[in-house]
Amino acid sequence: RDYSSIRRDLTAYARTYYSNTLRDFTQNSFGALLLDSVSYIGDQLSFYLDYNVNEAFLDTASQQNNIIRLAKNSGYKYRGRASAYGTVALYCIIPSNNSGTGPDPNYLKFTVKRGTRFRARGTGSSYLLMDNVRFDRAYVDAVVARVDESTGVPTAFALKSYGRVVSGRLAIKSIRVRGYERFRKIAFRAPGLAEILTVHDDQGNRYYEVDYLSQNVVFQEVTNPNSTEDNIVSIMKPITVPRRFTLERRQSSVILQFGFGGGPERGKVSVADPRSILLDIHGKDYITDVSFDPSRLMATDKFGLAPRDTNIHIKYRTQSSTTSNVNAGMVRTIAELLLDFDDPTTLSRATMREVRSSMEVFNDAPIIGDTSRITAEEVRNHAIGTFPTQNRAVTKNDYEAIAYGMHPKFGSIKRCAIYQDPDSLKRNLNMYILAADTDGYFTTANDTLKRNLKTWLMQYKMINDTIDILDGKVVNFGVTFKAKILPGRDKSSTMTAVYSRLRRYLSKVYYFGEPLDISSMYKIINTTNGVMDCLRVNLVQKAGSPYSTTKFNFDQNISADGTLLVVPKNVVLELKYPNADIRGSAV
């Protein structure tokens, strides 16, 4: 109900039932004042009622926090801003051995530890080393760096090794916990939180992040002692986690929720044994067919132990910058070097300082990932696609929803589409993906992002499905038009209005295979105030640096009636520079 309808009904009601006492309905009368006041209050109450009802449903909610809350009920987990991933090359200078035939093996035995922080030039973005990097491996490149001028014998060698990096900074938050509380919640501000790395208390007990408090088993990475023989570096083992928490994200804060177990721990953390599962048949001579969650390999114990009378130390990584995507050659500064020699007592301190000071970093390839903040509309669409997947991928939409739902700490893709390979005799699927570059434009995903996506899909795909992750193609286009202006109208202001309306329409982010409606551009130009008629609209391809190199014939892909530009299913259209790529003339 709105103000006008409420006032109209109240006026009709007063004239019908109070015709003897209320006769003056003019705007200046006291009765009109009463009707206006009641109508205004009714209008406000009706607005808030409609607003609250709309915010209770996923398809009509507008507030992002409400959309995130409703999406959670559909199985979608809001994971915040994604991270950028890539690979950097590390360089160092090692003194030569006594014969000058190679680097001194004693000074090769050191580790550049994970957590080493690098910084990009220009943007100031920070990147953290994800893996320990060694220089005493067979795959490390070595070249002569310095030679003795008198003898020509090498005195030092330059070595090059590689390591994976992720954007962000490390931070630690300590929170005092007093007394005992059932399902305790700990909230703190952490803008741009990407992931929580570890949670410990003062006694050294570790709390593990789980999706649900009833999930008391996690998979931990354990070093494989037989990695040389079977070529597998790590083994995943299930361990029980009596101390655990769930993570709920807000726009600028996070909430950690624990269980309500407060008694002494009954058992130590150990490898879970599926044979320990007991069927509670309670004397029945039959077993009902019930759903069983394989992630729960043991009965829950009060949803985990809650912390009490201690300090909780939370180590996490923040991703607060939208400029984490950088081009090749931008990461050149080591902001914080974590380097340890295996046996420093047997080495020269001066030489160790030289090795440490010689360390340099350089990214040969771009570091990319969709680091833009996810919008409310994207959360809504991801939630709608997540609900029918039920943690498995069967249909095309399942695969796309799971790919978009990849944890941000593994990177993020901007666009994804999956199709069955028409040339394959089996059920082979082609998944086309695109990432975002430093300015948010489409670009090809790097190898690290593809490997992370492959690992992520392996958890959900059908056993008989084979998937090829391929690079999608980007076609940059421009628009030229010619419009006839009404006599007496200012051409400059009219064309400015046309430009503004076309930019708003064409600057959206397109999807794979999404066509471009040419007839809508005619309509936009024709309906602009001051335009008599749109004489023509042409599409042109923008090629060459800094545009995409994909070749595309616009004339052959326009529909027979000329109203639609059809693109292949592995192609995405992009208007890269709206201010420069839209050109028109007025007559």
# chains A, B, ... in the order shown; residues from 1 in each chain; ligands from 1
>>> residues_around(residues="Leu539 (chain A)", least_positions_apart="4", cutoff="7 Å", atoms="only C-alpha atoms", output="VMD selection string")
chain A and resid 477 to 480
>>> select_by_dssp(residues="region 330-431 of chain A", states="helix (DSSP H, G or I)", output="VMD selection string")
chain A and resid 344 to 346 349 to 357 376 to 389 396 to 404 408 to 410
>>> write_last_selection(atoms="C-alpha atoms", output="PDB file, in the first residue's frame")
ATOM      1  CA  PRO A 344      75.197 -22.351  10.443  1.00  0.00           C
ATOM      2  CA  THR A 345      77.791 -23.300  13.087  1.00  0.00           C
ATOM      3  CA  THR A 346      80.135 -24.736  10.440  1.00  0.00           C
ATOM      4  CA  ARG A 349      79.090 -15.626   9.136  1.00  0.00           C
ATOM      5  CA  ALA A 350      80.361 -13.116   6.607  1.00  0.00           C
ATOM      6  CA  THR A 351      79.674 -15.484   3.700  1.00  0.00           C
ATOM      7  CA  MET A 352      76.206 -16.289   5.056  1.00  0.00           C
ATOM      8  CA  ARG A 353      75.453 -12.555   5.195  1.00  0.00           C
ATOM      9  CA  GLU A 354      76.598 -12.211   1.582  1.00  0.00           C
ATOM     10  CA  VAL A 355      74.344 -15.062   0.490  1.00  0.00           C
ATOM     11  CA  ARG A 356      71.422 -13.518   2.369  1.00  0.00           C
ATOM     12  CA  SER A 357      72.022 -10.025   0.974  1.00  0.00           C
ATOM     13  CA  ALA A 376      25.514  -9.099  -3.741  1.00  0.00           C
ATOM     14  CA  GLU A 377      24.141 -10.184  -7.126  1.00  0.00           C
ATOM     15  CA  GLU A 378      27.038 -12.619  -7.608  1.00  0.00           C
ATOM     16  CA  VAL A 379      26.425 -14.114  -4.157  1.00  0.00           C
ATOM     17  CA  ARG A 380      22.755 -14.564  -5.043  1.00  0.00           C
ATOM     18  CA  ASN A 381      23.489 -16.354  -8.320  1.00  0.00           C
ATOM     19  CA  HIS A 382      26.196 -18.544  -6.789  1.00  0.00           C
ATOM     20  CA  ALA A 383      23.820 -19.579  -4.005  1.00  0.00           C
ATOM     21  CA  ILE A 384      21.081 -20.478  -6.495  1.00  0.00           C
ATOM     22  CA  GLY A 385      23.577 -22.611  -8.403  1.00  0.00           C
ATOM     23  CA  THR A 386      25.037 -24.205  -5.269  1.00  0.00           C
ATOM     24  CA  PHE A 387      21.809 -25.535  -3.774  1.00  0.00           C
ATOM     25  CA  PRO A 388      21.073 -28.237  -6.407  1.00  0.00           C
ATOM     26  CA  THR A 389      24.700 -29.442  -6.579  1.00  0.00           C
ATOM     27  CA  LYS A 396      26.884 -28.697 -16.443  1.00  0.00           C
ATOM     28  CA  ASN A 397      25.494 -26.215 -13.936  1.00  0.00           C
ATOM     29  CA  ASP A 398      26.947 -28.290 -11.085  1.00  0.00           C
ATOM     30  CA  TYR A 399      30.458 -28.001 -12.477  1.00  0.00           C
ATOM     31  CA  GLU A 400      30.144 -24.262 -13.051  1.00  0.00           C
ATOM     32  CA  ALA A 401      28.745 -23.640  -9.561  1.00  0.00           C
ATOM     33  CA  ILE A 402      31.526 -25.667  -7.940  1.00  0.00           C
ATOM     34  CA  ALA A 403      34.198 -23.902  -9.990  1.00  0.00           C
ATOM     35  CA  TYR A 404      32.862 -20.483  -8.968  1.00  0.00           C
ATOM     36  CA  PRO A 408      39.513 -17.849  -2.528  1.00  0.00           C
ATOM     37  CA  LYS A 409      42.816 -18.944  -1.017  1.00  0.00           C
ATOM     38  CA  PHE A 410      43.237 -21.123  -4.146  1.00  0.00           C
TER      39      PHE A 410
END
>>> residues_around(residues="region 332-341 of chain A", least_positions_apart="5", cutoff="12 Å", atoms="only C-alpha atoms", output="ChimeraX atom specification")
/A:88-92,105-129,131-136,169-170,326-327,346-349,351-353,355-364
>>> closest_residue(among="A:Tyr13, A:Tyr51, A:Phe188, A:Tyr212", to="Gly75 (chain A)", atoms="only C-alpha atoms")
A:Tyr212
>>> atom_distance(atom1="CA of Ala138 (chain A)", atom2="CA of Pro366 (chain A)")
25.7 Å
>>> select_by_dssp(residues="region 185-226 of chain A", states="strand (DSSP E or B)", output="ChimeraX atom specification")
/A:185-189,193-201,206-209,217-223
>>> closest_residue(among="A:Phe552, A:Tyr316, A:Phe157, A:Tyr17", to="Ile196 (chain A)", atoms="only C-alpha atoms")
A:Tyr316
>>> atom_distance(atom1="CA of Glu248 (chain A)", atom2="CA of Tyr78 (chain A)")
8.0 Å
>>> residues_around(residues="region 140-156 of chain A", least_positions_apart="6", cutoff="9 Å", atoms="only C-alpha atoms", output="PyMOL selection string")
chain A and resi 93-104+134+162
>>> write_last_selection(atoms="C-alpha atoms", output="PDB file, in the first residue's frame")
ATOM      1  CA  ILE A  93      74.865 -15.848  -5.381  1.00  0.00           C
ATOM      2  CA  ILE A  94      76.809 -18.759  -3.870  1.00  0.00           C
ATOM      3  CA  PRO A  95      80.618 -18.872  -3.603  1.00  0.00           C
ATOM      4  CA  SER A  96      82.301 -21.529  -5.718  1.00  0.00           C
ATOM      5  CA  ASN A  97      83.949 -24.653  -4.395  1.00  0.00           C
ATOM      6  CA  ASN A  98      87.701 -25.014  -4.158  1.00  0.00           C
ATOM      7  CA  SER A  99      88.100 -26.173  -7.754  1.00  0.00           C
ATOM      8  CA  GLY A 100      85.745 -23.529  -9.203  1.00  0.00           C
ATOM      9  CA  THR A 101      83.644 -26.129 -11.009  1.00  0.00           C
ATOM     10  CA  GLY A 102      80.419 -25.349  -9.177  1.00  0.00           C
ATOM     11  CA  PRO A 103      78.856 -23.683  -6.153  1.00  0.00           C
ATOM     12  CA  ASP A 104      80.061 -24.638  -2.685  1.00  0.00           C
ATOM     13  CA  ARG A 134      65.612 -24.955  -1.592  1.00  0.00           C
ATOM     14  CA  TYR A 162      61.069 -21.093  -8.026  1.00  0.00           C
TER      15      TYR A 162
END
>>> residues_around(residues="region 560-562 of chain A", least_positions_apart="4", cutoff="10 Å", atoms="only C-alpha atoms", output="PyMOL selection string")
chain A and resi 517-519+555-556
>>> write_last_selection(atoms="C-alpha atoms", output="PDB file, in the first residue's frame")
ATOM      1  CA  ASP A 517      21.975  -7.303 -29.205  1.00  0.00           C
ATOM      2  CA  ILE A 518      22.497  -4.757 -31.979  1.00  0.00           C
ATOM      3  CA  SER A 519      18.809  -3.804 -32.153  1.00  0.00           C
ATOM      4  CA  ASP A 555      30.428  -9.846 -40.547  1.00  0.00           C
ATOM      5  CA  GLN A 556      30.160 -13.650 -40.693  1.00  0.00           C
TER       6      GLN A 556
END
>>> residues_around(residues="Asp202 (chain A)", least_positions_apart="3", cutoff="10 Å", atoms="only C-alpha atoms", output="mmCIF file with N, CA, C and O atoms, in the first residue's frame")
data_model
loop_
_atom_site.group_PDB
_atom_site.id
_atom_site.type_symbol
_atom_site.label_atom_id
_atom_site.label_comp_id
_atom_site.auth_asym_id
_atom_site.auth_seq_id
_atom_site.Cartn_x
_atom_site.Cartn_y
_atom_site.Cartn_z
ATOM 1 N N ASN A 205 46.999 -25.820 22.554
ATOM 2 C CA ASN A 205 45.976 -26.594 21.857
ATOM 3 C C ASN A 205 45.577 -25.876 20.565
ATOM 4 O O ASN A 205 45.377 -24.658 20.555
ATOM 5 N N ARG A 206 45.454 -26.641 19.512
ATOM 6 C CA ARG A 206 45.084 -26.065 18.227
ATOM 7 C C ARG A 206 43.620 -26.332 17.939
ATOM 8 O O ARG A 206 43.102 -27.430 18.167
ATOM 9 N N ASP A 309 38.881 -19.519 29.961
ATOM 10 C CA ASP A 309 39.946 -18.995 30.823
ATOM 11 C C ASP A 309 41.315 -19.089 30.146
ATOM 12 O O ASP A 309 42.268 -19.638 30.694
ATOM 13 N N THR A 310 41.402 -18.566 28.938
ATOM 14 C CA THR A 310 42.661 -18.606 28.197
ATOM 15 C C THR A 310 42.670 -17.484 27.171
ATOM 16 O O THR A 310 41.703 -16.723 27.051
ATOM 17 N N ASN A 311 43.768 -17.367 26.470
ATOM 18 C CA ASN A 311 43.875 -16.432 25.356
ATOM 19 C C ASN A 311 43.853 -17.206 24.045
ATOM 20 O O ASN A 311 44.545 -18.215 23.904
ATOM 21 N N ILE A 312 43.077 -16.728 23.092
ATOM 22 C CA ILE A 312 43.003 -17.331 21.769
ATOM 23 C C ILE A 312 43.859 -16.500 20.821
ATOM 24 O O ILE A 312 43.665 -15.282 20.689
ATOM 25 N N HIS A 313 44.832 -17.157 20.189
ATOM 26 C CA HIS A 313 45.738 -16.482 19.260
ATOM 27 C C HIS A 313 45.381 -16.907 17.835
ATOM 28 O O HIS A 313 45.503 -18.092 17.486
#
>>> atom_distance(atom1="CA of Arg503 (chain A)", atom2="CA of Ser62 (chain A)")
24.7 Å
>>> residues_around(residues="region 241-245 of chain A", least_positions_apart="4", cutoff="7 Å", atoms="only C-alpha atoms", output="PDB file with N, CA, C and O atoms, in the first residue's frame")
ATOM      1  N   ARG A 206      45.454 -26.641  19.512  1.00  0.00           N
ATOM      2  CA  ARG A 206      45.084 -26.065  18.227  1.00  0.00           C
ATOM      3  C   ARG A 206      43.620 -26.332  17.939  1.00  0.00           C
ATOM      4  O   ARG A 206      43.102 -27.430  18.167  1.00  0.00           O
ATOM      5  N   TYR A 207      42.949 -25.317  17.384  1.00  0.00           N
ATOM      6  CA  TYR A 207      41.549 -25.419  16.972  1.00  0.00           C
ATOM      7  C   TYR A 207      41.513 -25.401  15.446  1.00  0.00           C
ATOM      8  O   TYR A 207      42.161 -24.571  14.805  1.00  0.00           O
ATOM      9  N   TYR A 208      40.735 -26.317  14.877  1.00  0.00           N
ATOM     10  CA  TYR A 208      40.690 -26.495  13.428  1.00  0.00           C
ATOM     11  C   TYR A 208      39.390 -25.920  12.873  1.00  0.00           C
ATOM     12  O   TYR A 208      38.316 -26.061  13.480  1.00  0.00           O
ATOM     13  N   GLU A 209      39.498 -25.312  11.708  1.00  0.00           N
ATOM     14  CA  GLU A 209      38.308 -24.791  11.037  1.00  0.00           C
ATOM     15  C   GLU A 209      37.596 -25.909  10.291  1.00  0.00           C
ATOM     16  O   GLU A 209      38.212 -26.666   9.540  1.00  0.00           O
ATOM     17  N   VAL A 210      36.290 -26.027  10.501  1.00  0.00           N
ATOM     18  CA  VAL A 210      35.457 -27.019   9.825  1.00  0.00           C
ATOM     19  C   VAL A 210      34.256 -26.296   9.229  1.00  0.00           C
ATOM     20  O   VAL A 210      33.942 -25.157   9.582  1.00  0.00           O
ATOM     21  N   LEU A 213      30.044 -27.716  12.871  1.00  0.00           N
ATOM     22  CA  LEU A 213      30.577 -28.172  14.148  1.00  0.00           C
ATOM     23  C   LEU A 213      30.399 -29.669  14.344  1.00  0.00           C
ATOM     24  O   LEU A 213      31.116 -30.290  15.130  1.00  0.00           O
ATOM     25  N   ASN A 216      33.781 -33.692  12.801  1.00  0.00           N
ATOM     26  CA  ASN A 216      34.898 -33.811  13.741  1.00  0.00           C
ATOM     27  C   ASN A 216      36.111 -34.512  13.147  1.00  0.00           C
ATOM     28  O   ASN A 216      36.957 -35.003  13.879  1.00  0.00           O
ATOM     29  N   VAL A 217      36.185 -34.585  11.830  1.00  0.00           N
ATOM     30  CA  VAL A 217      37.328 -35.201  11.167  1.00  0.00           C
ATOM     31  C   VAL A 217      37.816 -34.256  10.061  1.00  0.00           C
ATOM     32  O   VAL A 217      37.016 -33.747   9.273  1.00  0.00           O
ATOM     33  N   LEU A 256      33.992 -16.440  14.907  1.00  0.00           N
ATOM     34  CA  LEU A 256      34.396 -17.826  15.164  1.00  0.00           C
ATOM     35  C   LEU A 256      33.454 -18.411  16.199  1.00  0.00           C
ATOM     36  O   LEU A 256      33.266 -17.831  17.276  1.00  0.00           O
ATOM     37  N   GLN A 257      32.833 -19.542  15.880  1.00  0.00           N
ATOM     38  CA  GLN A 257      31.923 -20.191  16.819  1.00  0.00           C
ATOM     39  C   GLN A 257      32.459 -21.565  17.193  1.00  0.00           C
ATOM     40  O   GLN A 257      32.849 -22.347  16.322  1.00  0.00           O
ATOM     41  N   PHE A 258      32.473 -21.849  18.490  1.00  0.00           N
ATOM     42  CA  PHE A 258      32.969 -23.105  19.018  1.00  0.00           C
ATOM     43  C   PHE A 258      31.797 -23.944  19.541  1.00  0.00           C
ATOM     44  O   PHE A 258      30.660 -23.478  19.585  1.00  0.00           O
ATOM     45  N   VAL A 269      44.326 -36.528  20.036  1.00  0.00           N
ATOM     46  CA  VAL A 269      44.128 -36.473  18.592  1.00  0.00           C
ATOM     47  C   VAL A 269      44.810 -37.670  17.948  1.00  0.00           C
ATOM     48  O   VAL A 269      45.991 -37.920  18.157  1.00  0.00           O
ATOM     49  N   GLY A 304      32.405 -30.342  19.849  1.00  0.00           N
ATOM     50  CA  GLY A 304      33.752 -29.848  20.071  1.00  0.00           C
ATOM     51  C   GLY A 304      33.922 -29.158  21.409  1.00  0.00           C
ATOM     52  O   GLY A 304      32.956 -28.736  22.050  1.00  0.00           O
ATOM     53  N   LEU A 305      35.179 -29.054  21.840  1.00  0.00           N
ATOM     54  CA  LEU A 305      35.503 -28.419  23.106  1.00  0.00           C
ATOM     55  C   LEU A 305      35.600 -26.912  22.922  1.00  0.00           C
ATOM     56  O   LEU A 305      36.195 -26.426  21.959  1.00  0.00           O
TER      57      LEU A 305
END
>>> decode(residues="region 451-477 of chain A", atoms="C-alpha atoms", output="compact mmCIF listing (two decimals), in the first residue's frame")
# COMPACT_ATOMS: atom_id res chain seq x y z
CA ARG A 451 46.20 -26.60 -10.98
CA ASN A 452 44.25 -25.32 -8.00
CA LEU A 453 41.01 -25.56 -9.96
CA LYS A 454 41.89 -29.11 -11.01
CA THR A 455 42.47 -30.14 -7.39
CA TRP A 456 39.23 -28.46 -6.34
CA LEU A 457 37.13 -30.23 -9.00
CA MET A 458 38.58 -33.64 -8.12
CA GLN A 459 36.60 -33.58 -4.87
CA TYR A 460 33.23 -33.37 -6.62
CA LYS A 461 33.40 -34.75 -10.16
CA MET A 462 31.85 -38.03 -11.23
CA ILE A 463 34.35 -40.89 -11.40
CA ASN A 464 33.75 -41.49 -15.12
CA ASP A 465 33.98 -37.81 -16.13
CA THR A 466 37.19 -36.47 -17.66
CA ILE A 467 37.70 -32.71 -17.77
CA ASP A 468 40.04 -30.56 -19.85
CA ILE A 469 40.61 -27.07 -18.42
CA LEU A 470 41.10 -24.75 -21.38
CA ASP A 471 41.66 -21.03 -21.87
CA GLY A 472 38.63 -19.10 -22.99
CA LYS A 473 38.96 -16.53 -25.78
CA VAL A 474 38.30 -12.82 -25.42
CA VAL A 475 37.10 -10.66 -28.31
CA ASN A 476 37.41 -6.91 -27.77
CA PHE A 477 34.96 -4.89 -29.79
